[in-house]
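Raw contents of structure38.pdb, PDB, C-alpha atoms and all ligand atoms:
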```
ATOM      1  CA  MET A1173      -1.209  -0.626   2.139  1.00  0.00           C
ATOM      2  CA  ARG A1174       2.383  -1.736   2.304  1.00  0.00           C
ATOM      3  CA  VAL A1175       4.989   0.602   0.824  1.00  0.00           C
ATOM      4  CA  LEU A1176       8.616  -0.125   0.002  1.00  0.00           C
ATOM      5  CA  LEU A1177      10.663   3.047   0.414  1.00  0.00           C
ATOM      6  CA  VAL A1178      14.085   3.068  -1.261  1.00  0.00           C
ATOM      7  CA  GLU A1179      16.083   6.098  -0.136  1.00  0.00           C
ATOM      8  CA  ASP A1180      19.722   6.435   0.924  1.00  0.00           C
ATOM      9  CA  ASP A1181      19.372   9.819   2.633  1.00  0.00           C
ATOM     10  CA  ALA A1182      18.812   8.980   6.315  1.00  0.00           C
ATOM     11  CA  LEU A1183      17.082  12.213   7.253  1.00  0.00           C
ATOM     12  CA  LEU A1184      14.741  12.242   4.278  1.00  0.00           C
ATOM     13  CA  GLY A1185      14.000   8.515   4.596  1.00  0.00           C
ATOM     14  CA  ASP A1186      13.168   8.940   8.257  1.00  0.00           C
ATOM     15  CA  GLY A1187      10.758  11.793   7.520  1.00  0.00           C
ATOM     16  CA  VAL A1188       9.058   9.984   4.646  1.00  0.00           C
ATOM     17  CA  GLN A1189       8.680   6.774   6.668  1.00  0.00           C
ATOM     18  CA  ALA A1190       7.151   8.620   9.622  1.00  0.00           C
ATOM     19  CA  GLY A1191       4.871  10.696   7.386  1.00  0.00           C
ATOM     20  CA  LEU A1192       3.561   7.702   5.474  1.00  0.00           C
ATOM     21  CA  GLN A1193       3.038   5.687   8.656  1.00  0.00           C
ATOM     22  CA  GLN A1194       0.961   8.529   9.975  1.00  0.00           C
ATOM     23  CA  SER A1195      -1.176   8.335   6.832  1.00  0.00           C
ATOM     24  CA  GLY A1196      -1.902   4.677   7.582  1.00  0.00           C
ATOM     25  CA  TYR A1197       0.717   3.030   5.362  1.00  0.00           C
ATOM     26  CA  THR A1198       3.005   0.245   6.510  1.00  0.00           C
ATOM     27  CA  VAL A1199       6.495   1.235   5.386  1.00  0.00           C
ATOM     28  CA  ASP A1200       9.565  -0.923   4.833  1.00  0.00           C
ATOM     29  CA  TRP A1201      12.671   1.121   4.163  1.00  0.00           C
ATOM     30  CA  VAL A1202      15.842  -0.012   2.362  1.00  0.00           C
ATOM     31  CA  ARG A1203      18.789   2.208   1.467  1.00  0.00           C
ATOM     32  CA  ASP A1204      20.457   0.854  -1.674  1.00  0.00           C
ATOM     33  CA  GLY A1205      19.578  -0.646  -5.042  1.00  0.00           C
ATOM     34  CA  ILE A1206      20.605  -4.211  -4.259  1.00  0.00           C
ATOM     35  CA  ALA A1207      18.557  -4.308  -1.053  1.00  0.00           C
ATOM     36  CA  ALA A1208      15.639  -2.910  -3.083  1.00  0.00           C
ATOM     37  CA  ASN A1209      15.899  -5.702  -5.676  1.00  0.00           C
ATOM     38  CA  LEU A1210      16.030  -8.305  -2.915  1.00  0.00           C
ATOM     39  CA  ALA A1211      13.023  -6.893  -1.083  1.00  0.00           C
ATOM     40  CA  LEU A1212      10.980  -6.640  -4.292  1.00  0.00           C
ATOM     41  CA  ASN A1213      11.815 -10.247  -5.164  1.00  0.00           C
ATOM     42  CA  GLN A1214      10.959 -11.642  -1.761  1.00  0.00           C
ATOM     43  CA  GLU A1215       8.012  -9.629  -0.488  1.00  0.00           C
ATOM     44  CA  THR A1216       4.698  -8.240  -1.694  1.00  0.00           C
ATOM     45  CA  PHE A1217       4.236  -4.471  -1.708  1.00  0.00           C
ATOM     46  CA  ASP A1218       1.351  -2.291  -2.842  1.00  0.00           C
ATOM     47  CA  LEU A1219       3.484   0.731  -3.734  1.00  0.00           C
ATOM     48  CA  LEU A1220       7.121   1.582  -4.397  1.00  0.00           C
ATOM     49  CA  VAL A1221       8.689   4.965  -3.594  1.00  0.00           C
ATOM     50  CA  LEU A1222      12.051   4.924  -5.352  1.00  0.00           C
ATOM     51  CA  ASP A1223      14.914   7.396  -5.164  1.00  0.00           C
ATOM     52  CA  LEU A1224      16.919   7.485  -8.423  1.00  0.00           C
ATOM     53  CA  GLY A1225      20.368   8.293  -7.032  1.00  0.00           C
ATOM     54  CA  LEU A1226      21.215   5.208  -4.924  1.00  0.00           C
ATOM     55  CA  PRO A1227      24.366   3.353  -3.832  1.00  0.00           C
ATOM     56  CA  LYS A1228      25.234  -0.049  -5.380  1.00  0.00           C
ATOM     57  CA  ARG A1229      22.559   0.047  -8.124  1.00  0.00           C
ATOM     58  CA  ASP A1230      20.760   3.187  -9.227  1.00  0.00           C
ATOM     59  CA  GLY A1231      17.007   3.552  -9.102  1.00  0.00           C
ATOM     60  CA  LEU A1232      16.524   3.401 -12.871  1.00  0.00           C
ATOM     61  CA  SER A1233      18.180   0.004 -13.013  1.00  0.00           C
ATOM     62  CA  VAL A1234      16.004  -1.234 -10.106  1.00  0.00           C
ATOM     63  CA  LEU A1235      12.925  -0.017 -11.963  1.00  0.00           C
ATOM     64  CA  ARG A1236      13.921  -1.595 -15.289  1.00  0.00           C
ATOM     65  CA  THR A1237      14.609  -4.958 -13.594  1.00  0.00           C
ATOM     66  CA  LEU A1238      11.237  -4.782 -11.849  1.00  0.00           C
ATOM     67  CA  ARG A1239       9.267  -4.041 -15.019  1.00  0.00           C
ATOM     68  CA  ALA A1240      11.289  -6.584 -17.049  1.00  0.00           C
ATOM     69  CA  ARG A1241      10.058  -9.349 -14.752  1.00  0.00           C
ATOM     70  CA  GLY A1242       6.470  -8.214 -15.245  1.00  0.00           C
ATOM     71  CA  SER A1243       5.747  -6.449 -11.946  1.00  0.00           C
ATOM     72  CA  GLU A1244       2.863  -3.983 -12.150  1.00  0.00           C
ATOM     73  CA  ILE A1245       3.407  -2.368  -8.747  1.00  0.00           C
ATOM     74  CA  PRO A1246       2.711   1.393  -8.870  1.00  0.00           C
ATOM     75  CA  VAL A1247       6.005   3.310  -8.670  1.00  0.00           C
ATOM     76  CA  LEU A1248       6.683   6.889  -7.661  1.00  0.00           C
ATOM     77  CA  VAL A1249      10.188   8.104  -8.410  1.00  0.00           C
ATOM     78  CA  LEU A1250      12.021  10.640  -6.225  1.00  0.00           C
ATOM     79  CA  THR A1251      14.752  12.701  -7.738  1.00  0.00           C
ATOM     80  CA  ALA A1252      16.957  15.445  -6.373  1.00  0.00           C
ATOM     81  CA  ARG A1253      18.247  16.336  -9.773  1.00  0.00           C
ATOM     82  CA  ASP A1254      16.333  19.005 -11.558  1.00  0.00           C
ATOM     83  CA  ALA A1255      17.153  17.429 -14.897  1.00  0.00           C
ATOM     84  CA  VAL A1256      14.261  16.849 -17.262  1.00  0.00           C
ATOM     85  CA  GLN A1257      16.238  13.868 -18.622  1.00  0.00           C
ATOM     86  CA  ASP A1258      15.970  12.016 -15.287  1.00  0.00           C
ATOM     87  CA  ARG A1259      12.251  12.434 -15.082  1.00  0.00           C
ATOM     88  CA  VAL A1260      11.789  11.366 -18.701  1.00  0.00           C
ATOM     89  CA  ALA A1261      14.026   8.318 -18.168  1.00  0.00           C
ATOM     90  CA  GLY A1262      12.112   7.411 -14.988  1.00  0.00           C
ATOM     91  CA  LEU A1263       8.708   7.609 -16.637  1.00  0.00           C
ATOM     92  CA  ASP A1264       9.942   5.733 -19.720  1.00  0.00           C
ATOM     93  CA  ALA A1265      11.376   2.993 -17.494  1.00  0.00           C
ATOM     94  CA  GLY A1266       7.901   2.402 -16.059  1.00  0.00           C
ATOM     95  CA  ALA A1267       7.406   4.888 -13.230  1.00  0.00           C
ATOM     96  CA  ASP A1268       3.841   6.108 -12.714  1.00  0.00           C
ATOM     97  CA  ASP A1269       4.755   9.513 -11.368  1.00  0.00           C
ATOM     98  CA  TYR A1270       7.675  11.470  -9.942  1.00  0.00           C
ATOM     99  CA  LEU A1271       8.410  14.066  -7.270  1.00  0.00           C
ATOM    100  CA  LEU A1272      11.340  16.469  -7.176  1.00  0.00           C
ATOM    101  CA  LYS A1273      13.146  16.893  -3.861  1.00  0.00           C
ATOM    102  CA  PRO A1274      12.474  18.690  -1.647  1.00  0.00           C
ATOM    103  CA  PHE A1275       8.785  17.853  -1.549  1.00  0.00           C
ATOM    104  CA  ASP A1276       5.888  18.155   0.831  1.00  0.00           C
ATOM    105  CA  LEU A1277       4.771  14.968   2.631  1.00  0.00           C
ATOM    106  CA  ASP A1278       1.122  15.797   2.012  1.00  0.00           C
ATOM    107  CA  GLU A1279       1.819  15.951  -1.704  1.00  0.00           C
ATOM    108  CA  LEU A1280       3.639  12.613  -1.579  1.00  0.00           C
ATOM    109  CA  GLY A1281       0.605  11.052   0.152  1.00  0.00           C
ATOM    110  CA  ALA A1282      -1.818  12.531  -2.375  1.00  0.00           C
ATOM    111  CA  ARG A1283       0.269  11.350  -5.340  1.00  0.00           C
ATOM    112  CA  LEU A1284       0.476   7.811  -3.908  1.00  0.00           C
ATOM    113  CA  ARG A1285      -3.302   7.721  -3.497  1.00  0.00           C
ATOM    114  CA  ALA A1286      -3.714   8.981  -7.070  1.00  0.00           C
ATOM    115  CA  ILE A1287      -1.412   6.357  -8.614  1.00  0.00           C
ATOM    116  CA  SER A1288      -3.070   3.535  -6.620  1.00  0.00           C
ATOM    117  CA  ARG A1289      -6.428   4.752  -7.836  1.00  0.00           C
ATOM    118  CA  ARG A1290      -5.309   4.889 -11.470  1.00  0.00           C
ATOM    119  CA  ARG A1291      -3.863   1.389 -11.224  1.00  0.00           C
ATOM    120  CA  ALA A1292      -7.149   0.108  -9.847  1.00  0.00           C
ATOM    121  CA  GLY A1293      -9.000   1.874 -12.692  1.00  0.00           C
ATOM    122  CA  ARG A1294     -10.918   4.115 -10.305  1.00  0.00           C
ATOM    123  CA  ALA A1295     -11.623   7.823 -10.675  1.00  0.00           C
ATOM    124  CA  ASN A1296     -13.498   8.059  -7.343  1.00  0.00           C
ATOM    125  CA  PRO A1297     -11.015   8.841  -4.551  1.00  0.00           C
ATOM    126  CA  LYS A1298     -13.174   6.805  -2.119  1.00  0.00           C
ATOM    127  CA  LEU A1299     -13.451   3.035  -2.034  1.00  0.00           C
ATOM    128  CA  VAL A1300     -17.082   1.967  -2.210  1.00  0.00           C
ATOM    129  CA  TYR A1301     -18.562  -1.443  -1.386  1.00  0.00           C
ATOM    130  CA  ALA A1302     -22.107  -2.414  -0.381  1.00  0.00           C
ATOM    131  CA  GLY A1303     -23.042   0.966   1.081  1.00  0.00           C
ATOM    132  CA  ILE A1304     -19.669   1.317   2.782  1.00  0.00           C
ATOM    133  CA  GLU A1305     -17.376   4.181   1.821  1.00  0.00           C
ATOM    134  CA  LEU A1306     -13.735   4.230   2.848  1.00  0.00           C
ATOM    135  CA  ASP A1307     -11.804   7.469   2.486  1.00  0.00           C
ATOM    136  CA  PRO A1308      -8.097   6.578   2.066  1.00  0.00           C
ATOM    137  CA  ALA A1309      -7.033  10.210   2.561  1.00  0.00           C
ATOM    138  CA  GLY A1310      -9.161  10.994   5.617  1.00  0.00           C
ATOM    139  CA  ARG A1311      -8.660   7.480   7.079  1.00  0.00           C
ATOM    140  CA  CYS A1312     -12.334   7.061   7.917  1.00  0.00           C
ATOM    141  CA  LEU A1313     -15.271   4.918   6.984  1.00  0.00           C
ATOM    142  CA  THR A1314     -19.043   5.330   6.651  1.00  0.00           C
ATOM    143  CA  GLN A1315     -21.823   2.781   6.252  1.00  0.00           C
ATOM    144  CA  ASP A1316     -25.035   4.013   4.607  1.00  0.00           C
ATOM    145  CA  GLY A1317     -23.784   7.556   5.200  1.00  0.00           C
ATOM    146  CA  VAL A1318     -23.175   7.045   8.934  1.00  0.00           C
ATOM    147  CA  ALA A1319     -19.635   7.241  10.356  1.00  0.00           C
ATOM    148  CA  VAL A1320     -18.399   3.919  11.775  1.00  0.00           C
ATOM    149  CA  SER A1321     -15.650   4.036  14.378  1.00  0.00           C
ATOM    150  CA  VAL A1322     -12.829   1.680  13.411  1.00  0.00           C
ATOM    151  CA  THR A1323      -9.233   1.460  14.610  1.00  0.00           C
ATOM    152  CA  ALA A1324      -6.307   2.319  12.319  1.00  0.00           C
ATOM    153  CA  ARG A1325      -5.464  -1.376  11.969  1.00  0.00           C
ATOM    154  CA  GLU A1326      -9.041  -2.430  11.234  1.00  0.00           C
ATOM    155  CA  LEU A1327      -9.086   0.249   8.545  1.00  0.00           C
ATOM    156  CA  VAL A1328      -5.875  -1.080   6.966  1.00  0.00           C
ATOM    157  CA  ILE A1329      -7.350  -4.592   6.801  1.00  0.00           C
ATOM    158  CA  PHE A1330     -10.661  -3.463   5.377  1.00  0.00           C
ATOM    159  CA  GLU A1331      -8.862  -1.239   2.857  1.00  0.00           C
ATOM    160  CA  ALA A1332      -6.841  -4.237   1.632  1.00  0.00           C
ATOM    161  CA  LEU A1333     -10.064  -6.260   1.216  1.00  0.00           C
ATOM    162  CA  MET A1334     -11.815  -3.383  -0.579  1.00  0.00           C
ATOM    163  CA  ASN A1335      -8.855  -3.017  -2.936  1.00  0.00           C
ATOM    164  CA  ASN A1336      -9.237  -6.704  -3.827  1.00  0.00           C
ATOM    165  CA  VAL A1337     -12.997  -7.322  -4.094  1.00  0.00           C
ATOM    166  CA  GLY A1338     -13.642 -10.841  -5.392  1.00  0.00           C
ATOM    167  CA  ARG A1339     -10.127 -11.990  -4.530  1.00  0.00           C
ATOM    168  CA  ALA A1340      -9.380 -13.883  -1.319  1.00  0.00           C
ATOM    169  CA  LEU A1341      -6.467 -12.528   0.704  1.00  0.00           C
ATOM    170  CA  SER A1342      -4.498 -14.909   2.884  1.00  0.00           C
ATOM    171  CA  LYS A1343      -3.879 -14.237   6.541  1.00  0.00           C
ATOM    172  CA  GLU A1344      -0.196 -13.742   5.692  1.00  0.00           C
ATOM    173  CA  ARG A1345      -1.056 -11.160   3.032  1.00  0.00           C
ATOM    174  CA  LEU A1346      -3.198  -9.225   5.523  1.00  0.00           C
ATOM    175  CA  GLU A1347      -0.460  -9.457   8.150  1.00  0.00           C
ATOM    176  CA  GLN A1348       1.950  -7.997   5.596  1.00  0.00           C
ATOM    177  CA  ALA A1349      -0.425  -5.133   4.895  1.00  0.00           C
ATOM    178  CA  LEU A1350      -0.535  -4.439   8.602  1.00  0.00           C
ATOM    179  CA  TYR A1351       3.021  -4.821   9.770  1.00  0.00           C
ATOM    180  CA  GLY A1352       6.553  -4.188   8.583  1.00  0.00           C
ATOM    181  CA  TRP A1353       9.104  -6.968   8.734  1.00  0.00           C
ATOM    182  CA  ASP A1354      10.512  -5.957  12.047  1.00  0.00           C
ATOM    183  CA  GLU A1355       7.316  -5.829  14.063  1.00  0.00           C
ATOM    184  CA  GLY A1356       6.108  -8.970  15.752  1.00  0.00           C
ATOM    185  CA  VAL A1357       2.693 -10.262  14.735  1.00  0.00           C
ATOM    186  CA  GLU A1358       0.460 -11.929  17.269  1.00  0.00           C
ATOM    187  CA  SER A1359      -0.751 -15.198  15.863  1.00  0.00           C
ATOM    188  CA  ASN A1360      -4.470 -14.447  16.096  1.00  0.00           C
ATOM    189  CA  ALA A1361      -4.317 -10.710  15.383  1.00  0.00           C
ATOM    190  CA  ILE A1362      -5.997 -10.911  11.978  1.00  0.00           C
ATOM    191  CA  GLU A1363      -8.854 -13.099  13.274  1.00  0.00           C
ATOM    192  CA  VAL A1364      -9.459 -10.588  16.066  1.00  0.00           C
ATOM    193  CA  HIS A1365      -9.567  -7.628  13.671  1.00  0.00           C
ATOM    194  CA  ILE A1366     -11.887  -9.474  11.256  1.00  0.00           C
ATOM    195  CA  HIS A1367     -14.166 -10.413  14.149  1.00  0.00           C
ATOM    196  CA  ARG A1368     -14.418  -6.758  15.214  1.00  0.00           C
ATOM    197  CA  LEU A1369     -14.995  -5.549  11.650  1.00  0.00           C
ATOM    198  CA  ARG A1370     -17.841  -8.056  11.279  1.00  0.00           C
ATOM    199  CA  LYS A1371     -19.359  -6.864  14.525  1.00  0.00           C
ATOM    200  CA  LYS A1372     -19.253  -3.256  13.351  1.00  0.00           C
ATOM    201  CA  LEU A1373     -20.163  -3.677   9.672  1.00  0.00           C
ATOM    202  CA  GLY A1374     -22.265  -6.836   9.474  1.00  0.00           C
ATOM    203  CA  ARG A1375     -21.702 -10.495  10.159  1.00  0.00           C
ATOM    204  CA  ASP A1376     -21.895 -11.737   6.573  1.00  0.00           C
ATOM    205  CA  LEU A1377     -19.888  -9.002   4.893  1.00  0.00           C
ATOM    206  CA  ILE A1378     -16.395 -10.550   5.059  1.00  0.00           C
ATOM    207  CA  ARG A1379     -16.346 -14.186   3.952  1.00  0.00           C
ATOM    208  CA  ASN A1380     -14.000 -16.930   5.067  1.00  0.00           C
ATOM    209  CA  VAL A1381     -12.550 -18.932   2.236  1.00  0.00           C
ATOM    210  CA  ARG A1382     -11.505 -22.188   3.786  1.00  0.00           C
ATOM    211  CA  GLY A1383      -7.760 -22.829   3.532  1.00  0.00           C
ATOM    212  CA  ILE A1384      -7.183 -19.540   1.693  1.00  0.00           C
ATOM    213  CA  GLY A1385      -8.239 -16.525   3.701  1.00  0.00           C
ATOM    214  CA  TYR A1386     -10.807 -13.733   3.630  1.00  0.00           C
ATOM    215  CA  LEU A1387     -12.691 -11.943   0.886  1.00  0.00           C
ATOM    216  CA  LEU A1388     -15.358  -9.444  -0.009  1.00  0.00           C
ATOM    217  CA  PRO A1389     -17.478 -11.218  -2.666  1.00  0.00           C
ATOM    218  CA  LYS A1390     -18.105  -9.413  -5.966  1.00  0.00           C
ATOM    219  CA  SER A1391     -21.828  -9.341  -5.277  1.00  0.00           C
ATOM    220  CA  PRO A1392     -22.258  -8.685  -1.557  1.00  0.00           C
ATOM    221  CA  ASN A1393     -25.556 -10.551  -1.168  1.00  0.00           C
ATOM    222  CA  GLN A1394     -24.614 -13.789  -2.818  1.00  0.00           C
ATOM    223  CA  GLN A1395     -24.200 -16.711  -0.412  1.00  0.00           C
TER     224      GLN A1395
HETATM  225 CA    CA A1401      19.831   9.524  -3.152  1.00  0.00          CA
END
```
As structure tokens, the full file:
Amino acid sequence: MRVLLVEDDALLGDGVQAGLQQSGYTVDWVRDGIAANLALNQETFDLLVLDLGLPKRDGLSVLRTLRARGSEIPVLVLTARDAVQDRVAGLDAGADDYLLKPFDLDELGARLRAISRRRAGRANPKLVYAGIELDPAGRCLTQDGVAVSVTARELVIFEALMNNVGRALSKERLEQALYGWDEGVESNAIEVHIHRLRKKLGRDLIRNVRGIGYLLPKSPNQQ
């Protein structure tokens, strides 16, 4: 999952970025409201963690612009101010949840998983597909109840596919899920990861859609 973090406090931003990366998220970090608008216009993210008090444009205005153009990205608002008004304004502007600073990184991770789940209309914290269960919190995977050893990157790719069953994801979209902007991507990295996932989970599980990308079909057994 690719997260955009918008936070002007260097120390806090650093901690949140490191914590989320450790939980398996890819994190892009910008530090003001204008950079946030630009990033949200140009790139695809799965989640937005948005500080309200920001230089150049405040977080509420970023959020209102985002919702006004129809974006449904799940948003968690961070606020240092203990004012009820801020939280109310954030939720009314389209935030899904909020956290007051200072907060615990484990709680941030749990809240992000919860808002992704709600957006996907799931109550089950695990992703389930064709006998495979992926635990987004524990970062592990089982097939027919047996643990399957996958790398962190394989897990990120499979998680993206499981979050989009029936929808083909392009190679670029999977690369984005895997890497931030500033990390180089090897040209065949996605193919290699898909190849290994097929070897571990079954050859016919992940389908190629010619000219588009990869998908998990809605009914796993259909050809
Ligand atoms: Ca701030």
The PyMOL selection byres (((chain A and resi 1310-1320) around 10) and not hetatm) - which residues does that actually catch in the file I just gave you? List them as a ChimeraX atom specification.
/A:1195-1196,1298-1309,1321-1324,1327-1328,1330-1331,1372-1373
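Comparing A:Thr1251, A:Gln1257, A:Gln1193, A:Asn1360 by their smallest distance to ligand CA 1401 (chain A), the closest is A:Thr1251 (using all atoms listed in the file).
Here, the PyMOL selection byres (((chain A and resi 1220) around 10) and not hetatm) matches Arg1174, Val1175, Leu1176, Leu1177, Val1178, Val1199, Asp1200, Ala1208, Leu1212, Phe1217, Asp1218, Leu1219, Val1221, Leu1222, Asp1223, Leu1235, Ile1245, Pro1246, Val1247, Leu1248, Val1249, Ala1267 and Leu1284 of chain A.
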Please identify every polymer residue within 9 Å of ligand CA 1401 (chain A), using all atoms listed in the file, and present the set as a VMD selection string.
chain A and resid 1178 to 1181 1203 to 1204 1223 to 1227 1230 to 1231 1250 to 1252
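You will find atom CA of A:Arg1239 at 16.4 Å from atom CA of A:Tyr1270.
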Answer as a ChimeraX atom specification, residues within 12 Å of (2.7, 13.2, 3.2) using all atoms listed in the file
/A:1187-1197,1271,1275-1285,1309
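Between atom CA of A:Gln1348 and atom CA of A:Arg1375 there is a distance of 24.2 Å.
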Could you write stretch 1321-1330 of chain A as a short mmCIF file (atom, residue, chain, number, x, y, z; two decimals), in the coordinates of the input, with all heavy atoms rebuilt where they are missing?
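Result saved to selection_13.cif:
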```
data_model
loop_
_atom_site.label_atom_id
_atom_site.label_comp_id
_atom_site.auth_asym_id
_atom_site.auth_seq_id
_atom_site.Cartn_x
_atom_site.Cartn_y
_atom_site.Cartn_z
N SER A 1321 -16.93 3.87 13.70
CA SER A 1321 -15.65 4.04 14.38
C SER A 1321 -14.84 2.76 14.25
O SER A 1321 -15.22 1.70 14.76
CB SER A 1321 -15.93 4.38 15.84
OG SER A 1321 -14.78 4.15 16.59
N VAL A 1322 -13.72 2.84 13.54
CA VAL A 1322 -12.83 1.68 13.41
C VAL A 1322 -11.42 2.11 13.81
O VAL A 1322 -11.07 3.28 13.70
CB VAL A 1322 -12.80 1.12 11.96
CG1 VAL A 1322 -14.10 0.45 11.60
CG2 VAL A 1322 -12.45 2.21 10.95
N THR A 1323 -10.62 1.14 14.24
CA THR A 1323 -9.23 1.46 14.61
C THR A 1323 -8.39 1.57 13.33
O THR A 1323 -8.80 1.12 12.26
CB THR A 1323 -8.62 0.36 15.49
OG1 THR A 1323 -8.53 -0.84 14.72
CG2 THR A 1323 -9.48 0.10 16.72
N ALA A 1324 -7.20 2.16 13.48
CA ALA A 1324 -6.31 2.32 12.32
C ALA A 1324 -6.00 0.97 11.68
O ALA A 1324 -5.96 0.83 10.47
CB ALA A 1324 -5.01 3.00 12.77
N ARG A 1325 -5.81 -0.05 12.51
CA ARG A 1325 -5.46 -1.38 11.97
C ARG A 1325 -6.66 -2.04 11.30
O ARG A 1325 -6.52 -2.70 10.28
CB ARG A 1325 -4.90 -2.26 13.08
CG ARG A 1325 -3.53 -1.75 13.45
CD ARG A 1325 -2.81 -2.57 14.44
NE ARG A 1325 -1.44 -2.08 14.47
CZ ARG A 1325 -0.49 -2.55 15.23
NH1 ARG A 1325 -0.75 -3.53 16.04
NH2 ARG A 1325 0.71 -2.05 15.19
N GLU A 1326 -7.84 -1.90 11.89
CA GLU A 1326 -9.04 -2.43 11.23
C GLU A 1326 -9.22 -1.79 9.86
O GLU A 1326 -9.58 -2.44 8.88
CB GLU A 1326 -10.28 -2.17 12.11
CG GLU A 1326 -10.33 -3.04 13.35
CD GLU A 1326 -11.32 -2.54 14.41
OE1 GLU A 1326 -12.08 -1.58 14.15
OE2 GLU A 1326 -11.33 -3.12 15.51
N LEU A 1327 -8.93 -0.48 9.80
CA LEU A 1327 -9.09 0.25 8.54
C LEU A 1327 -8.11 -0.28 7.48
O LEU A 1327 -8.47 -0.46 6.32
CB LEU A 1327 -8.85 1.75 8.78
CG LEU A 1327 -9.40 2.66 7.69
CD1 LEU A 1327 -10.92 2.71 7.74
CD2 LEU A 1327 -8.84 4.07 7.83
N VAL A 1328 -6.88 -0.56 7.90
CA VAL A 1328 -5.88 -1.08 6.97
C VAL A 1328 -6.34 -2.43 6.39
O VAL A 1328 -6.24 -2.69 5.19
CB VAL A 1328 -4.50 -1.23 7.68
CG1 VAL A 1328 -3.54 -2.08 6.87
CG2 VAL A 1328 -3.90 0.15 7.93
N ILE A 1329 -6.89 -3.28 7.26
CA ILE A 1329 -7.35 -4.59 6.80
C ILE A 1329 -8.53 -4.46 5.85
O ILE A 1329 -8.58 -5.07 4.78
CB ILE A 1329 -7.73 -5.48 8.02
CG1 ILE A 1329 -6.45 -5.88 8.73
CG2 ILE A 1329 -8.52 -6.70 7.59
CD1 ILE A 1329 -6.68 -6.75 9.92
N PHE A 1330 -9.48 -3.61 6.23
CA PHE A 1330 -10.66 -3.46 5.38
C PHE A 1330 -10.29 -2.81 4.05
O PHE A 1330 -10.85 -3.15 3.00
CB PHE A 1330 -11.75 -2.67 6.10
CG PHE A 1330 -13.11 -2.94 5.54
CD1 PHE A 1330 -13.68 -4.20 5.63
CD2 PHE A 1330 -13.81 -1.94 4.87
CE1 PHE A 1330 -14.92 -4.47 5.08
CE2 PHE A 1330 -15.06 -2.21 4.32
CZ PHE A 1330 -15.61 -3.47 4.42
#
```
